[in-house]
Amino acid sequence: MKVLIVGSGGREHAIAVSAARSSRVDHIYCAPGNAGIAQIAECVPIGAMEFEKLTAFAKEAQVDLVIVGMDDPLVGGLVDALEAEGIRAFGPRKNAAVLEGSKVFSKDLMKKYHIPTAAYEVFTQADEALEYLHSGAKFPVVLKADGLALGKGVLICNTLEEAEEGVCAIMTERKFGSAGNRMVIEEFLTGREVSVLSFVDGKTIRIMSSAQDHKRAQDGDRGLNTGGMGTFSPSPFYTKEVDEYCRKYIYQATVDAMAAEGRPFKGVIFFGLMLTPDGPRVLEYNARFGDPEAQVVLPRMKNDLIDVCEACIDGTLDEMELQFEDSAAVCVVLASDGYPLKYEKGLPITGLENFDGREDYYCFHAGTRLAADGSVVTNGGRVLGITAKGADLQEARKKAYDATAWVSFANKYMRHDIGKAIDEA
Ligand code: AMP
Ligand code: GLY
């Protein structure tokens, strides 16, 4: 088979590594890819939002399966565009990717189908949102721009003043563009966060091993929100009891709700859960693998990724069980100092060869590119995801942190407390 992966981050590198393990895959293309992906795939210089070029390339190269890793092309309808040309694609169609693309849609869906989530109100006008905040909203309160905003459209506001500023930023100044045409104001929940990824074929859902992300830039969960500074899997807080609750009230209920709405979901549903004192609540849905969640979940999956993707497309997931190694994995992100705001790019990375032939260690490239002389340089905020597997989380964490020393670049920055919560479990 020839497989085309769409995207350029650590998630797509992890998908490519899994695809390369499949006995069914002869050739992998990635658009646009990065310097790490280029070691195992043929990178083609087409952007993830260039639907016509992607479709033309997939036809020309006789690609058998396209795997769309990123949210923007999914929400924009890339799978529909590919299918219209007879190309098989893994990921939700546009009418189902709205589960991630619109917070208003997902909140209304959960309300209609009684899926546990934070209480909320929807607003289309700034003055109405402000009036609501003034008429006895409880603080902290959570503001969410409706649409995709590079993971930055969620504001947690401790005071009325902060919330007023937030409404202005989202709805008046349109800091997140058209994502702010509508907004959700919701109840602030407390508890531990867990990421649960799943494969879905429209009817059946199969749950992957749980993970936990670290969204803030600095140690101790301080600093700005980022795309994710590190992950571990499984989460020791995702207990059997939590799993049973989610299976009963959240997972299948979401898949059935989408089908009932005439929007059958095929692909990956990522459940962002908060384990509150009153039980698990859905914070958000994503319509794709998490990044860096994929970097700790996929290396532990025993199934052939291509078989699972095809079962999702063909609606035969009920004939398949997912299997995960009885291991643990930790991913520490090496970022450019200054991320998520301002940072330098184009700096040489050394030591990448230290990962060659090392079992249990992965150096996933997130923001890298090949320079004209063939060397690898930094090309983004998140540069590398250093993942290690171990017999348990403690061992995996030690190995991952040891391996962060194997690579260098001038503005290398990382958190030092990825997986610290493991010790509290
Ligand atoms: P989201 O993009 O909806 O996942 O939100 C990003 C982050 O904001 C989440 O990972 C949480 O840390 C936080 N968050 C979102 N909604 C809530 C909520 N209702 N209560 C507390 N924290 C929240
Ligand atoms: N790591 C969170 C996300 O992929 O959205």
# chains A, B, ... in the order shown; residues from 1 in each chain; ligands from 1
call {"tool": "residues_near_ligand", "arguments": {"ligand": "ligand 1", "cutoff": "8 Å", "atoms": "only C-alpha atoms and all ligand atoms", "output": "VMD selection string"}}
result
chain A and resid 103 117 to 118 141 to 142 144 151 to 156 186 to 190 193 215 225 272 274 283 to 285
call {"tool": "residues_near_ligand", "arguments": {"ligand": "ligand 2", "cutoff": "10 Å", "atoms": "only C-alpha atoms and all ligand atoms", "output": "CSV table (one decimal) with C-alpha atoms, in the first residue's frame"}}
result
chain,number,residue,atom,x,y,z
A,11,ARG,CA,1.7,13.6,15.9
A,70,MET,CA,-4.5,17.8,11.8
A,71,ASP,CA,-7.7,19.6,12.9
A,100,GLU,CA,-14.1,19.8,17.3
A,150,LEU,CA,-4.9,27.1,17.6
A,151,GLY,CA,-5.7,25.8,21.1
A,195,SER,CA,-7.0,12.6,27.5
A,211,ALA,CA,-2.9,9.7,28.6
A,212,GLN,CA,-2.3,13.0,30.4
A,213,ASP,CA,-1.0,16.2,28.8
A,214,HIS,CA,0.8,19.2,30.4
A,215,LYS,CA,-0.6,22.2,28.7
A,226,THR,CA,0.7,25.7,24.8
A,227,GLY,CA,-0.1,22.9,22.4
A,228,GLY,CA,1.3,20.5,25.1
A,229,MET,CA,4.7,20.3,26.7
A,230,GLY,CA,4.7,16.6,27.5
A,231,THR,CA,2.5,13.5,28.1
A,270,PHE,CA,-10.2,12.6,21.5
A,271,PHE,CA,-12.2,13.0,24.7
A,272,GLY,CA,-10.7,15.7,26.9
A,284,GLU,CA,-13.9,19.2,24.9
A,285,TYR,CA,-13.8,16.9,22.0
A,286,ASN,CA,-11.1,16.8,19.3
A,287,ALA,CA,-11.6,15.0,16.0
A,288,ARG,CA,-8.1,13.7,15.7
A,289,PHE,CA,-5.2,12.2,17.6
A,290,GLY,CA,-3.8,14.5,20.3
A,291,ASP,CA,-0.3,16.0,20.0
A,292,PRO,CA,1.7,15.0,22.0
A,293,GLU,CA,-0.8,12.3,23.2
A,294,ALA,CA,-0.2,10.4,20.0
call {"tool": "residues_around", "arguments": {"residues": "Ile37 of chain A", "least_positions_apart": "5", "cutoff": "8 Å", "atoms": "only C-alpha atoms", "output": "ChimeraX atom specification"}}
result
/A:12-13,16,30,42-43,365
call {"tool": "write_last_selection", "arguments": {"atoms": "C-alpha atoms", "output": "PDB file, in the first residue's frame"}}
result
ATOM      1  CA  GLU A  12       2.242  12.988  12.203  1.00  0.00           C
ATOM      2  CA  HIS A  13       5.740  11.642  12.880  1.00  0.00           C
ATOM      3  CA  ALA A  16       4.301   7.703  10.247  1.00  0.00           C
ATOM      4  CA  CYS A  30       3.806  12.997   3.996  1.00  0.00           C
ATOM      5  CA  GLU A  42       8.810  10.879   1.134  1.00  0.00           C
ATOM      6  CA  CYS A  43       7.846  14.427   2.051  1.00  0.00           C
ATOM      7  CA  HIS A 365      10.146  15.706  15.165  1.00  0.00           C
TER       8      HIS A 365
END
call {"tool": "select_by_dssp", "arguments": {"residues": "segment 103-303 of chain A", "states": "alpha helix (DSSP H)", "output": "JSON, numbers by chain"}}
result
{"A": [103, 104, 105, 106, 107, 108, 109, 110, 111, 112, 126, 127, 128, 129, 130, 131, 132, 133, 134, 160, 161, 162, 163, 164, 165, 166, 167, 240, 241, 242, 243, 244, 245, 246, 252, 253, 254, 255, 256, 257, 258, 259, 260, 294, 295, 296, 297]}
call {"tool": "select_by_dssp", "arguments": {"residues": "segment 115-167 of chain A", "states": "strand (DSSP E)", "output": "list of chain:residue names"}}
result
A:Tyr120, A:Glu121, A:Val122, A:Phe123, A:Val141, A:Val142, A:Leu143, A:Lys144, A:Ala145, A:Val154, A:Leu155, A:Ile156, A:Cys157
call {"tool": "residues_around", "arguments": {"residues": "Thr239 of chain A", "least_positions_apart": "2", "cutoff": "12 Å", "atoms": "only C-alpha atoms", "output": "compact mmCIF listing (two decimals) with N, CA, C and O atoms, in the first residue's frame"}}
result
# COMPACT_ATOMS: atom_id res chain seq x y z
N VAL A 194 -7.69 14.16 31.97
CA VAL A 194 -7.22 12.96 31.28
C VAL A 194 -7.61 13.07 29.81
O VAL A 194 -8.69 13.56 29.48
N SER A 209 -5.46 3.44 25.09
CA SER A 209 -4.91 3.63 26.43
C SER A 209 -4.93 5.13 26.78
O SER A 209 -4.67 5.97 25.92
N SER A 210 -5.22 5.46 28.04
CA SER A 210 -5.37 6.86 28.46
C SER A 210 -4.02 7.59 28.49
O SER A 210 -2.96 6.97 28.48
N PRO A 234 -0.03 4.98 30.48
CA PRO A 234 -1.42 5.35 30.79
C PRO A 234 -1.47 6.32 31.95
O PRO A 234 -0.47 6.53 32.63
N SER A 235 -2.65 6.92 32.18
CA SER A 235 -2.82 7.77 33.35
C SER A 235 -3.26 6.90 34.52
O SER A 235 -4.27 6.20 34.43
N PRO A 236 -2.51 6.94 35.63
CA PRO A 236 -2.91 6.14 36.79
C PRO A 236 -4.22 6.63 37.41
O PRO A 236 -4.82 5.92 38.21
N PHE A 237 -4.65 7.82 37.02
CA PHE A 237 -5.89 8.37 37.57
C PHE A 237 -7.11 7.90 36.78
O PHE A 237 -8.25 8.10 37.19
N GLU A 241 -13.03 2.37 37.63
CA GLU A 241 -14.31 3.03 37.93
C GLU A 241 -14.59 4.18 36.95
O GLU A 241 -15.70 4.31 36.43
N VAL A 242 -13.55 4.98 36.70
CA VAL A 242 -13.70 6.09 35.76
C VAL A 242 -14.02 5.54 34.37
O VAL A 242 -14.91 6.02 33.68
N ASP A 243 -13.30 4.49 33.99
CA ASP A 243 -13.51 3.87 32.68
C ASP A 243 -14.95 3.39 32.54
O ASP A 243 -15.60 3.62 31.51
N GLU A 244 -15.45 2.73 33.57
CA GLU A 244 -16.82 2.21 33.51
C GLU A 244 -17.84 3.34 33.36
O GLU A 244 -18.78 3.25 32.57
N TYR A 245 -17.63 4.40 34.09
CA TYR A 245 -18.53 5.56 34.04
C TYR A 245 -18.54 6.14 32.61
O TYR A 245 -19.59 6.41 32.03
N CYS A 246 -17.33 6.32 32.06
CA CYS A 246 -17.22 6.94 30.73
C CYS A 246 -17.83 6.05 29.65
O CYS A 246 -18.44 6.53 28.70
N LEU A 275 -11.76 14.88 35.62
CA LEU A 275 -12.25 13.96 36.66
C LEU A 275 -12.64 14.81 37.87
O LEU A 275 -11.82 15.08 38.74
N GLY A 279 -17.66 13.23 39.37
CA GLY A 279 -17.52 12.26 38.29
C GLY A 279 -16.92 12.90 37.06
O GLY A 279 -16.75 14.13 37.00
N PRO A 280 -16.58 12.09 36.05
CA PRO A 280 -15.95 12.61 34.84
C PRO A 280 -16.89 13.52 34.05
O PRO A 280 -18.09 13.26 33.97
N ALA A 425 0.05 9.36 42.54
CA ALA A 425 -1.02 8.40 42.23
C ALA A 425 -1.08 7.30 43.29
O ALA A 425 -0.09 7.01 43.92
